[in-house]
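Text of the file my_file38.cif, holding mmCIF, N, CA, C and O atoms:
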```
data_coords
#
loop_
_atom_site.label_atom_id
_atom_site.label_comp_id
_atom_site.auth_asym_id
_atom_site.auth_seq_id
_atom_site.Cartn_x
_atom_site.Cartn_y
_atom_site.Cartn_z
N MET A 1 5.70 -12.98 -3.80
CA MET A 1 4.78 -12.04 -3.18
C MET A 1 3.44 -12.73 -3.00
O MET A 1 2.96 -13.46 -3.87
N ALA A 2 2.82 -12.49 -1.88
CA ALA A 2 1.51 -13.07 -1.59
C ALA A 2 0.43 -12.05 -1.94
O ALA A 2 0.26 -11.05 -1.24
N PHE A 3 -0.28 -12.32 -3.02
CA PHE A 3 -1.35 -11.41 -3.42
C PHE A 3 -2.41 -11.32 -2.34
O PHE A 3 -3.04 -10.28 -2.17
N ALA A 4 -2.64 -12.40 -1.60
CA ALA A 4 -3.67 -12.39 -0.55
C ALA A 4 -3.39 -11.30 0.47
O ALA A 4 -4.31 -10.57 0.87
N ASP A 5 -2.13 -11.16 0.90
CA ASP A 5 -1.77 -10.09 1.85
C ASP A 5 -2.00 -8.72 1.23
O ASP A 5 -2.47 -7.79 1.90
N SER A 6 -1.66 -8.59 -0.03
CA SER A 6 -1.83 -7.30 -0.71
C SER A 6 -3.30 -6.91 -0.80
O SER A 6 -3.68 -5.79 -0.50
N PHE A 7 -4.14 -7.87 -1.20
CA PHE A 7 -5.56 -7.57 -1.34
C PHE A 7 -6.22 -7.33 0.02
O PHE A 7 -7.10 -6.48 0.14
N LYS A 8 -5.77 -8.06 1.03
CA LYS A 8 -6.29 -7.81 2.39
C LYS A 8 -5.93 -6.38 2.80
O LYS A 8 -6.78 -5.65 3.32
N ALA A 9 -4.70 -5.99 2.57
CA ALA A 9 -4.26 -4.64 2.94
C ALA A 9 -5.06 -3.58 2.17
O ALA A 9 -5.44 -2.56 2.73
N LEU A 10 -5.31 -3.84 0.90
CA LEU A 10 -6.02 -2.86 0.07
C LEU A 10 -7.52 -2.82 0.33
O LEU A 10 -8.20 -1.89 -0.10
N SER A 11 -8.03 -3.80 1.07
CA SER A 11 -9.48 -3.86 1.31
C SER A 11 -9.97 -2.79 2.28
O SER A 11 -11.15 -2.50 2.33
N ASP A 12 -9.07 -2.21 3.04
CA ASP A 12 -9.47 -1.21 4.04
C ASP A 12 -9.31 0.21 3.49
O ASP A 12 -8.24 0.56 3.00
N PRO A 13 -10.34 1.04 3.60
CA PRO A 13 -10.26 2.40 3.05
C PRO A 13 -9.18 3.26 3.71
O PRO A 13 -8.56 4.10 3.04
N ASP A 14 -8.95 3.07 5.01
CA ASP A 14 -7.91 3.87 5.67
C ASP A 14 -6.52 3.49 5.15
O ASP A 14 -5.66 4.35 4.97
N ARG A 15 -6.30 2.21 4.89
CA ARG A 15 -5.00 1.80 4.35
C ARG A 15 -4.83 2.32 2.93
O ARG A 15 -3.73 2.72 2.54
N ARG A 16 -5.90 2.34 2.17
CA ARG A 16 -5.81 2.92 0.82
C ARG A 16 -5.51 4.41 0.91
O ARG A 16 -4.73 4.94 0.11
N LYS A 17 -6.08 5.08 1.91
CA LYS A 17 -5.79 6.52 2.09
C LYS A 17 -4.32 6.72 2.46
O LYS A 17 -3.69 7.67 1.99
N ILE A 18 -3.78 5.83 3.28
CA ILE A 18 -2.35 5.92 3.63
C ILE A 18 -1.50 5.81 2.37
O ILE A 18 -0.55 6.57 2.18
N LEU A 19 -1.85 4.87 1.50
CA LEU A 19 -1.10 4.72 0.25
C LEU A 19 -1.22 5.99 -0.60
O LEU A 19 -0.24 6.42 -1.21
N GLU A 20 -2.40 6.59 -0.62
CA GLU A 20 -2.60 7.84 -1.36
C GLU A 20 -1.70 8.94 -0.80
O GLU A 20 -1.09 9.71 -1.55
N LEU A 21 -1.61 9.02 0.52
CA LEU A 21 -0.74 10.03 1.16
C LEU A 21 0.72 9.80 0.79
O LEU A 21 1.45 10.74 0.50
N LEU A 22 1.13 8.53 0.79
CA LEU A 22 2.53 8.20 0.51
C LEU A 22 2.88 8.38 -0.97
O LEU A 22 4.05 8.39 -1.33
N LYS A 23 1.87 8.53 -1.79
CA LYS A 23 2.10 8.80 -3.21
C LYS A 23 2.89 10.10 -3.38
O LYS A 23 3.67 10.24 -4.31
N ARG A 24 2.72 11.02 -2.45
CA ARG A 24 3.41 12.32 -2.50
C ARG A 24 4.86 12.24 -2.06
O ARG A 24 5.63 13.16 -2.27
N GLY A 25 5.21 11.15 -1.38
CA GLY A 25 6.57 10.99 -0.87
C GLY A 25 6.56 10.41 0.52
O GLY A 25 5.50 10.17 1.11
N GLN A 26 7.74 10.18 1.06
CA GLN A 26 7.84 9.55 2.37
C GLN A 26 7.25 10.43 3.46
O GLN A 26 7.26 11.65 3.37
N MET A 27 6.72 9.78 4.49
CA MET A 27 6.12 10.48 5.62
C MET A 27 6.42 9.70 6.90
O MET A 27 6.56 8.47 6.86
N SER A 28 6.47 10.41 8.01
CA SER A 28 6.62 9.75 9.30
C SER A 28 5.25 9.25 9.75
O SER A 28 4.20 9.67 9.22
N ALA A 29 5.24 8.39 10.75
CA ALA A 29 3.97 7.87 11.28
C ALA A 29 3.12 9.01 11.82
O ALA A 29 1.90 9.03 11.63
N GLY A 30 3.75 9.97 12.47
CA GLY A 30 3.02 11.12 13.00
C GLY A 30 2.38 11.95 11.90
O GLY A 30 1.24 12.43 12.05
N GLU A 31 3.10 12.15 10.81
CA GLU A 31 2.55 12.90 9.67
C GLU A 31 1.35 12.16 9.07
O GLU A 31 0.34 12.77 8.73
N ILE A 32 1.47 10.85 8.97
CA ILE A 32 0.37 10.04 8.45
C ILE A 32 -0.82 10.13 9.40
O ILE A 32 -1.96 10.38 8.97
N ALA A 33 -0.57 9.96 10.69
CA ALA A 33 -1.65 9.96 11.69
C ALA A 33 -2.40 11.29 11.72
O ALA A 33 -3.59 11.32 12.03
N SER A 34 -1.72 12.38 11.38
CA SER A 34 -2.38 13.70 11.43
C SER A 34 -3.52 13.82 10.42
O SER A 34 -4.34 14.73 10.53
N HIS A 35 -3.61 12.90 9.48
CA HIS A 35 -4.67 12.93 8.46
C HIS A 35 -5.87 12.07 8.85
O HIS A 35 -6.81 11.93 8.07
N PHE A 36 -5.85 11.51 10.06
CA PHE A 36 -6.91 10.59 10.51
C PHE A 36 -7.40 11.00 11.89
O PHE A 36 -6.69 11.64 12.65
N ASP A 37 -8.61 10.56 12.21
CA ASP A 37 -9.16 10.74 13.55
C ASP A 37 -8.89 9.53 14.42
O ASP A 37 -9.32 9.47 15.56
N SER A 38 -8.19 8.55 13.89
CA SER A 38 -7.90 7.29 14.59
C SER A 38 -6.80 7.48 15.62
O SER A 38 -6.04 8.44 15.57
N THR A 39 -6.70 6.50 16.51
CA THR A 39 -5.62 6.52 17.51
C THR A 39 -4.29 6.17 16.84
O THR A 39 -4.26 5.58 15.75
N GLY A 40 -3.21 6.49 17.52
CA GLY A 40 -1.89 6.13 17.02
C GLY A 40 -1.74 4.62 16.88
O GLY A 40 -1.09 4.13 15.95
N ALA A 41 -2.36 3.88 17.81
CA ALA A 41 -2.28 2.41 17.75
C ALA A 41 -2.97 1.88 16.50
O ALA A 41 -2.49 0.92 15.88
N THR A 42 -4.07 2.50 16.12
CA THR A 42 -4.79 2.06 14.92
C THR A 42 -3.96 2.33 13.67
O THR A 42 -3.85 1.47 12.79
N ILE A 43 -3.34 3.50 13.60
CA ILE A 43 -2.49 3.83 12.45
C ILE A 43 -1.30 2.88 12.42
O ILE A 43 -0.92 2.38 11.35
N SER A 44 -0.74 2.59 13.57
CA SER A 44 0.39 1.66 13.65
C SER A 44 -0.02 0.28 13.12
O SER A 44 0.74 -0.37 12.40
N TYR A 45 -1.23 -0.17 13.47
CA TYR A 45 -1.73 -1.45 12.97
C TYR A 45 -1.84 -1.42 11.44
O TYR A 45 -1.42 -2.36 10.77
N HIS A 46 -2.42 -0.34 10.91
CA HIS A 46 -2.56 -0.22 9.45
C HIS A 46 -1.19 -0.25 8.76
O HIS A 46 -1.02 -0.91 7.74
N LEU A 47 -0.22 0.44 9.34
CA LEU A 47 1.12 0.45 8.77
C LEU A 47 1.74 -0.95 8.82
O LEU A 47 2.40 -1.38 7.88
N LYS A 48 1.49 -1.67 9.90
CA LYS A 48 2.00 -3.05 10.03
C LYS A 48 1.41 -3.94 8.94
O LYS A 48 2.13 -4.74 8.32
N VAL A 49 0.11 -3.81 8.67
CA VAL A 49 -0.54 -4.62 7.63
C VAL A 49 0.04 -4.28 6.26
O VAL A 49 0.32 -5.16 5.44
N LEU A 50 0.23 -2.98 6.00
CA LEU A 50 0.80 -2.55 4.72
C LEU A 50 2.23 -3.04 4.55
O LEU A 50 2.63 -3.44 3.45
N LYS A 51 3.02 -3.04 5.63
CA LYS A 51 4.39 -3.56 5.57
C LYS A 51 4.39 -5.06 5.33
O LYS A 51 5.17 -5.56 4.53
N LYS A 52 3.50 -5.79 6.01
CA LYS A 52 3.42 -7.24 5.83
C LYS A 52 3.10 -7.59 4.38
O LYS A 52 3.60 -8.58 3.84
N ALA A 53 2.30 -6.75 3.75
CA ALA A 53 1.93 -6.97 2.34
C ALA A 53 2.98 -6.43 1.38
O ALA A 53 2.81 -6.49 0.17
N ASP A 54 4.06 -5.89 1.92
CA ASP A 54 5.15 -5.30 1.12
C ASP A 54 4.70 -4.12 0.27
O ASP A 54 5.32 -3.80 -0.74
N LEU A 55 3.62 -3.47 0.68
CA LEU A 55 3.15 -2.31 -0.08
C LEU A 55 3.88 -1.04 0.32
O LEU A 55 3.85 -0.05 -0.40
N ILE A 56 4.51 -1.07 1.49
CA ILE A 56 5.30 0.09 1.94
C ILE A 56 6.62 -0.40 2.54
O ILE A 56 6.74 -1.56 2.97
N PHE A 57 7.59 0.51 2.55
CA PHE A 57 8.88 0.31 3.21
C PHE A 57 8.94 1.23 4.42
O PHE A 57 8.29 2.28 4.44
N GLU A 58 9.77 0.87 5.38
CA GLU A 58 10.06 1.80 6.46
C GLU A 58 11.56 2.05 6.50
O GLU A 58 12.36 1.18 6.16
N ARG A 59 11.89 3.27 6.87
CA ARG A 59 13.29 3.66 6.99
C ARG A 59 13.44 4.41 8.30
O ARG A 59 12.70 5.36 8.57
N ARG A 60 14.36 3.96 9.12
CA ARG A 60 14.58 4.60 10.42
C ARG A 60 15.67 5.66 10.30
O ARG A 60 16.69 5.43 9.68
N GLU A 61 15.38 6.81 10.91
CA GLU A 61 16.34 7.90 10.93
C GLU A 61 16.24 8.57 12.30
O GLU A 61 15.24 9.21 12.61
N LYS A 62 17.26 8.35 13.11
CA LYS A 62 17.30 8.83 14.49
C LYS A 62 16.07 8.31 15.23
O LYS A 62 15.89 7.13 15.36
N ASN A 63 15.21 9.20 15.73
CA ASN A 63 14.03 8.79 16.50
C ASN A 63 12.78 8.64 15.65
O ASN A 63 11.68 8.49 16.19
N TYR A 64 12.91 8.71 14.35
CA TYR A 64 11.74 8.68 13.47
C TYR A 64 11.77 7.47 12.55
O TYR A 64 12.83 6.97 12.20
N ILE A 65 10.60 7.05 12.17
CA ILE A 65 10.45 6.02 11.14
C ILE A 65 9.69 6.67 10.00
O ILE A 65 8.63 7.25 10.20
N TYR A 66 10.26 6.58 8.81
CA TYR A 66 9.63 7.14 7.63
C TYR A 66 9.12 6.00 6.75
O TYR A 66 9.77 4.97 6.61
N TYR A 67 7.96 6.23 6.18
CA TYR A 67 7.32 5.23 5.33
C TYR A 67 7.25 5.74 3.90
O TYR A 67 7.07 6.93 3.67
N GLN A 68 7.38 4.82 2.96
CA GLN A 68 7.25 5.17 1.55
C GLN A 68 6.67 3.99 0.80
O GLN A 68 6.72 2.85 1.25
N LEU A 69 6.08 4.27 -0.36
CA LEU A 69 5.48 3.24 -1.18
C LEU A 69 6.53 2.27 -1.72
O LEU A 69 7.63 2.68 -2.05
N ASN A 70 6.14 1.02 -1.83
CA ASN A 70 6.94 0.03 -2.53
C ASN A 70 6.33 -0.10 -3.92
O ASN A 70 5.41 -0.89 -4.14
N VAL A 71 6.79 0.68 -4.83
CA VAL A 71 6.20 0.78 -6.16
C VAL A 71 6.28 -0.55 -6.91
O VAL A 71 5.37 -0.90 -7.67
N SER A 72 7.33 -1.32 -6.70
CA SER A 72 7.48 -2.57 -7.46
C SER A 72 6.35 -3.55 -7.16
O SER A 72 5.85 -4.22 -8.06
N VAL A 73 5.92 -3.64 -5.91
CA VAL A 73 4.81 -4.54 -5.58
C VAL A 73 3.51 -4.01 -6.19
O VAL A 73 2.71 -4.78 -6.72
N LEU A 74 3.30 -2.72 -6.14
CA LEU A 74 2.11 -2.13 -6.76
C LEU A 74 2.11 -2.38 -8.26
O LEU A 74 1.07 -2.70 -8.85
N GLU A 75 3.27 -2.29 -8.88
CA GLU A 75 3.37 -2.56 -10.32
C GLU A 75 3.06 -4.03 -10.61
O GLU A 75 2.36 -4.33 -11.59
N ASP A 76 3.54 -4.94 -9.78
CA ASP A 76 3.24 -6.36 -9.96
C ASP A 76 1.73 -6.61 -9.87
O ASP A 76 1.17 -7.36 -10.68
N LEU A 77 1.08 -5.98 -8.91
CA LEU A 77 -0.37 -6.12 -8.78
C LEU A 77 -1.09 -5.59 -10.02
O LEU A 77 -2.01 -6.23 -10.54
N MET A 78 -0.67 -4.42 -10.48
CA MET A 78 -1.32 -3.82 -11.65
C MET A 78 -1.11 -4.68 -12.89
O MET A 78 -2.03 -4.86 -13.70
N LEU A 79 0.08 -5.24 -13.05
CA LEU A 79 0.35 -6.11 -14.20
C LEU A 79 -0.52 -7.36 -14.15
O LEU A 79 -1.06 -7.80 -15.16
N TRP A 80 -0.66 -7.93 -12.97
CA TRP A 80 -1.48 -9.12 -12.83
C TRP A 80 -2.94 -8.81 -13.16
O TRP A 80 -3.59 -9.54 -13.89
N ILE A 81 -3.45 -7.69 -12.63
CA ILE A 81 -4.83 -7.30 -12.90
C ILE A 81 -5.00 -7.01 -14.39
O ILE A 81 -5.99 -7.41 -15.00
N ALA A 82 -4.04 -6.33 -14.99
CA ALA A 82 -4.10 -6.04 -16.43
C ALA A 82 -4.11 -7.33 -17.24
O ALA A 82 -4.80 -7.43 -18.26
N SER A 83 -3.36 -8.33 -16.80
CA SER A 83 -3.33 -9.60 -17.54
C SER A 83 -4.70 -10.27 -17.49
O SER A 83 -5.10 -10.93 -18.45
N LEU A 84 -5.43 -10.12 -16.41
CA LEU A 84 -6.78 -10.67 -16.34
C LEU A 84 -7.69 -9.98 -17.35
O LEU A 84 -8.50 -10.62 -18.01
N ARG A 85 -7.53 -8.69 -17.46
CA ARG A 85 -8.34 -7.93 -18.41
C ARG A 85 -8.01 -8.37 -19.84
O ARG A 85 -8.90 -8.54 -20.65
N GLU A 86 -6.73 -8.53 -20.12
CA GLU A 86 -6.31 -8.97 -21.46
C GLU A 86 -6.89 -10.34 -21.79
O GLU A 86 -7.38 -10.56 -22.88
N GLU A 87 -6.85 -11.26 -20.83
CA GLU A 87 -7.39 -12.60 -21.06
C GLU A 87 -8.90 -12.53 -21.29
O GLU A 87 -9.43 -13.22 -22.16
N THR A 88 -9.59 -11.68 -20.55
CA THR A 88 -11.03 -11.53 -20.72
C THR A 88 -11.34 -10.93 -22.08
O THR A 88 -12.27 -11.36 -22.76
N THR A 89 -10.56 -9.98 -22.53
CA THR A 89 -10.76 -9.36 -23.84
C THR A 89 -10.58 -10.38 -24.95
O THR A 89 -11.38 -10.43 -25.89
N HIS A 90 -9.57 -11.23 -24.84
CA HIS A 90 -9.32 -12.26 -25.86
C HIS A 90 -10.47 -13.28 -25.89
O HIS A 90 -10.84 -13.74 -26.96
N VAL A 91 -11.03 -13.60 -24.76
CA VAL A 91 -12.13 -14.56 -24.71
C VAL A 91 -13.36 -13.97 -25.39
O VAL A 91 -14.05 -14.65 -26.13
N LYS A 92 -13.65 -12.68 -25.19
CA LYS A 92 -14.80 -12.03 -25.79
C LYS A 92 -14.67 -11.95 -27.32
O LYS A 92 -15.65 -12.01 -28.03
N GLU A 93 -13.44 -11.81 -27.79
CA GLU A 93 -13.21 -11.67 -29.23
C GLU A 93 -13.42 -12.97 -29.98
O GLU A 93 -13.69 -12.98 -31.16
N LYS A 94 -13.28 -14.10 -29.31
CA LYS A 94 -13.38 -15.41 -29.99
C LYS A 94 -14.79 -15.77 -30.33
O LYS A 94 -15.78 -15.40 -29.99
#
```

Mind turning the file's structure into structure tokens?
Amino acid sequence: MAFADSFKALSDPDRRKILELLKRGQMSAGEIASHFDSTGATISYHLKVLKKADLIFERREKNYIYYQLNVSVLEDLMLWIASLREETTHVKEK
């Protein structure tokens, strides 16, 4: 996994909002777009960046594409960040 892609994806507030929405469960692109004032093309770009970073999955069903969180990548990120905190804590204790 490329952390650089993940952090780039997480750097944008709209992409973070998309992840927050998907926390509730899978959604179609239209459902996601209804929460923004952005164009469909902008939402599509954000979804593409999130997919490239492996933060979301897409699933096609008939004429719809549904998106959902990729929890394993998010867990990997959290573990890595937590390990930094642990290392910093150990350094302070010495």

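From atom CA of A:Phe3 back to atom C of A:Leu79, the distance works out to 11.5 Å.
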
As a ChimeraX atom specification, please: the residues near stretch 39-50 of chain A (cut-off 6 Å, all atoms listed in the file, same-chain neighbours under 2 positions excluded). /A:5,9,15,37,52-56

To test your reading of the structure, identify every residue in chain A that backbone DSSP assigns to helix (DSSP H, G or I), and report it as a count of residues only. 59

Selected residue, from A:Ala82, A:Pro13, A:Tyr67, A:Leu77, that lies nearest to A:Met27 when counting only N, CA, C and O atoms: A:Tyr67

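Among the candidates A:Met78, A:Leu84, A:Tyr64, A:Leu69, the one nearest to A:Leu21 when counting all atoms listed in the file is A:Leu69.
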
Taking the file as shown, find all residues satisfying the PyMOL selection byres ((chain A and resi 65) around 8) and write them as a short mmCIF file (atom, residue, chain, number, x, y, z; two decimals) with N, CA, C and O atoms, in the coordinates of the input.
```
data_model
loop_
_atom_site.label_atom_id
_atom_site.label_comp_id
_atom_site.auth_asym_id
_atom_site.auth_seq_id
_atom_site.Cartn_x
_atom_site.Cartn_y
_atom_site.Cartn_z
N GLN A 26 7.74 10.18 1.06
CA GLN A 26 7.84 9.55 2.37
C GLN A 26 7.25 10.43 3.46
O GLN A 26 7.26 11.65 3.37
N MET A 27 6.72 9.78 4.49
CA MET A 27 6.12 10.48 5.62
C MET A 27 6.42 9.70 6.90
O MET A 27 6.56 8.47 6.86
N SER A 28 6.47 10.41 8.01
CA SER A 28 6.62 9.75 9.30
C SER A 28 5.25 9.25 9.75
O SER A 28 4.20 9.67 9.22
N ALA A 29 5.24 8.39 10.75
CA ALA A 29 3.97 7.87 11.28
C ALA A 29 3.12 9.01 11.82
O ALA A 29 1.90 9.03 11.63
N GLY A 30 3.75 9.97 12.47
CA GLY A 30 3.02 11.12 13.00
C GLY A 30 2.38 11.95 11.90
O GLY A 30 1.24 12.43 12.05
N GLU A 31 3.10 12.15 10.81
CA GLU A 31 2.55 12.90 9.67
C GLU A 31 1.35 12.16 9.07
O GLU A 31 0.34 12.77 8.73
N PHE A 57 7.59 0.51 2.55
CA PHE A 57 8.88 0.31 3.21
C PHE A 57 8.94 1.23 4.42
O PHE A 57 8.29 2.28 4.44
N GLU A 58 9.77 0.87 5.38
CA GLU A 58 10.06 1.80 6.46
C GLU A 58 11.56 2.05 6.50
O GLU A 58 12.36 1.18 6.16
N ARG A 59 11.89 3.27 6.87
CA ARG A 59 13.29 3.66 6.99
C ARG A 59 13.44 4.41 8.30
O ARG A 59 12.70 5.36 8.57
N ARG A 60 14.36 3.96 9.12
CA ARG A 60 14.58 4.60 10.42
C ARG A 60 15.67 5.66 10.30
O ARG A 60 16.69 5.43 9.68
N GLU A 61 15.38 6.81 10.91
CA GLU A 61 16.34 7.90 10.93
C GLU A 61 16.24 8.57 12.30
O GLU A 61 15.24 9.21 12.61
N LYS A 62 17.26 8.35 13.11
CA LYS A 62 17.30 8.83 14.49
C LYS A 62 16.07 8.31 15.23
O LYS A 62 15.89 7.13 15.36
N ASN A 63 15.21 9.20 15.73
CA ASN A 63 14.03 8.79 16.50
C ASN A 63 12.78 8.64 15.65
O ASN A 63 11.68 8.49 16.19
N TYR A 64 12.91 8.71 14.35
CA TYR A 64 11.74 8.68 13.47
C TYR A 64 11.77 7.47 12.55
O TYR A 64 12.83 6.97 12.20
N TYR A 66 10.26 6.58 8.81
CA TYR A 66 9.63 7.14 7.63
C TYR A 66 9.12 6.00 6.75
O TYR A 66 9.77 4.97 6.61
N TYR A 67 7.96 6.23 6.18
CA TYR A 67 7.32 5.23 5.33
C TYR A 67 7.25 5.74 3.90
O TYR A 67 7.07 6.93 3.67
N GLN A 68 7.38 4.82 2.96
CA GLN A 68 7.25 5.17 1.55
C GLN A 68 6.67 3.99 0.80
O GLN A 68 6.72 2.85 1.25
#
```

Output as a ChimeraX atom specification all residues of chain A that backbone DSSP marks as strand (DSSP E). /A:27-28,56-61,64-69

Atom pair atom N of A:Lys51 / atom CA of A:Asn70: separation (Å): 9.6 Å

In Å, how far is it from atom C of A:Ser6 to atom O of A:Ile81? 14.5 Å

Complete the atom set of stretch 56-65 of chain A to all heavy atoms and return it as a short mmCIF file (atom, residue, chain, number, x, y, z; two decimals), in the coordinates of the input.
```cif
data_model
loop_
_atom_site.label_atom_id
_atom_site.label_comp_id
_atom_site.auth_asym_id
_atom_site.auth_seq_id
_atom_site.Cartn_x
_atom_site.Cartn_y
_atom_site.Cartn_z
N ILE A 56 4.51 -1.07 1.49
CA ILE A 56 5.30 0.09 1.94
C ILE A 56 6.62 -0.40 2.54
O ILE A 56 6.74 -1.56 2.97
CB ILE A 56 4.55 0.97 2.97
CG1 ILE A 56 4.24 0.19 4.26
CG2 ILE A 56 3.29 1.57 2.36
CD1 ILE A 56 3.67 1.06 5.37
N PHE A 57 7.59 0.51 2.55
CA PHE A 57 8.88 0.31 3.21
C PHE A 57 8.94 1.23 4.42
O PHE A 57 8.29 2.28 4.44
CB PHE A 57 10.05 0.77 2.32
CG PHE A 57 10.28 -0.04 1.09
CD1 PHE A 57 10.16 0.56 -0.16
CD2 PHE A 57 10.65 -1.37 1.15
CE1 PHE A 57 10.41 -0.15 -1.31
CE2 PHE A 57 10.89 -2.09 0.00
CZ PHE A 57 10.78 -1.49 -1.23
N GLU A 58 9.77 0.87 5.38
CA GLU A 58 10.06 1.80 6.46
C GLU A 58 11.56 2.05 6.50
O GLU A 58 12.36 1.18 6.16
CB GLU A 58 9.55 1.29 7.81
CG GLU A 58 10.32 0.16 8.41
CD GLU A 58 9.84 -0.19 9.80
OE1 GLU A 58 8.67 0.05 10.14
OE2 GLU A 58 10.66 -0.71 10.56
N ARG A 59 11.89 3.27 6.87
CA ARG A 59 13.29 3.66 6.99
C ARG A 59 13.44 4.41 8.30
O ARG A 59 12.70 5.36 8.57
CB ARG A 59 13.67 4.57 5.82
CG ARG A 59 15.12 5.05 5.85
CD ARG A 59 15.45 5.93 4.66
NE ARG A 59 14.64 7.14 4.61
CZ ARG A 59 14.87 8.26 5.31
NH1 ARG A 59 15.89 8.32 6.13
NH2 ARG A 59 14.08 9.31 5.18
N ARG A 60 14.36 3.96 9.12
CA ARG A 60 14.58 4.60 10.42
C ARG A 60 15.67 5.66 10.30
O ARG A 60 16.69 5.43 9.68
CB ARG A 60 14.98 3.57 11.47
CG ARG A 60 13.88 2.58 11.74
CD ARG A 60 14.29 1.53 12.75
NE ARG A 60 13.23 0.57 12.94
CZ ARG A 60 12.26 0.69 13.86
NH1 ARG A 60 12.26 1.74 14.67
NH2 ARG A 60 11.32 -0.22 13.96
N GLU A 61 15.38 6.81 10.91
CA GLU A 61 16.34 7.90 10.93
C GLU A 61 16.24 8.57 12.30
O GLU A 61 15.24 9.21 12.61
CB GLU A 61 16.02 8.91 9.83
CG GLU A 61 17.06 10.00 9.68
CD GLU A 61 16.75 10.90 8.50
OE1 GLU A 61 16.64 10.40 7.36
OE2 GLU A 61 16.62 12.12 8.74
N LYS A 62 17.26 8.35 13.11
CA LYS A 62 17.30 8.83 14.49
C LYS A 62 16.07 8.31 15.23
O LYS A 62 15.89 7.13 15.36
CB LYS A 62 17.42 10.35 14.54
CG LYS A 62 18.72 10.84 13.95
CD LYS A 62 18.88 12.33 14.10
CE LYS A 62 20.18 12.74 13.42
NZ LYS A 62 20.37 14.16 13.45
N ASN A 63 15.21 9.20 15.73
CA ASN A 63 14.03 8.79 16.50
C ASN A 63 12.78 8.64 15.65
O ASN A 63 11.68 8.49 16.19
CB ASN A 63 13.75 9.80 17.61
CG ASN A 63 14.85 9.81 18.65
OD1 ASN A 63 15.55 8.81 18.82
ND2 ASN A 63 15.01 10.92 19.33
N TYR A 64 12.91 8.71 14.35
CA TYR A 64 11.74 8.68 13.47
C TYR A 64 11.77 7.47 12.55
O TYR A 64 12.83 6.97 12.20
CB TYR A 64 11.67 9.95 12.60
CG TYR A 64 11.44 11.19 13.42
CD1 TYR A 64 12.50 11.99 13.83
CD2 TYR A 64 10.15 11.57 13.78
CE1 TYR A 64 12.30 13.13 14.59
CE2 TYR A 64 9.93 12.71 14.54
CZ TYR A 64 11.00 13.48 14.94
OH TYR A 64 10.78 14.61 15.69
N ILE A 65 10.60 7.05 12.17
CA ILE A 65 10.45 6.02 11.14
C ILE A 65 9.69 6.67 10.00
O ILE A 65 8.63 7.25 10.20
CB ILE A 65 9.67 4.79 11.66
CG1 ILE A 65 10.39 4.16 12.85
CG2 ILE A 65 9.49 3.77 10.54
CD1 ILE A 65 9.62 3.04 13.51
#
```
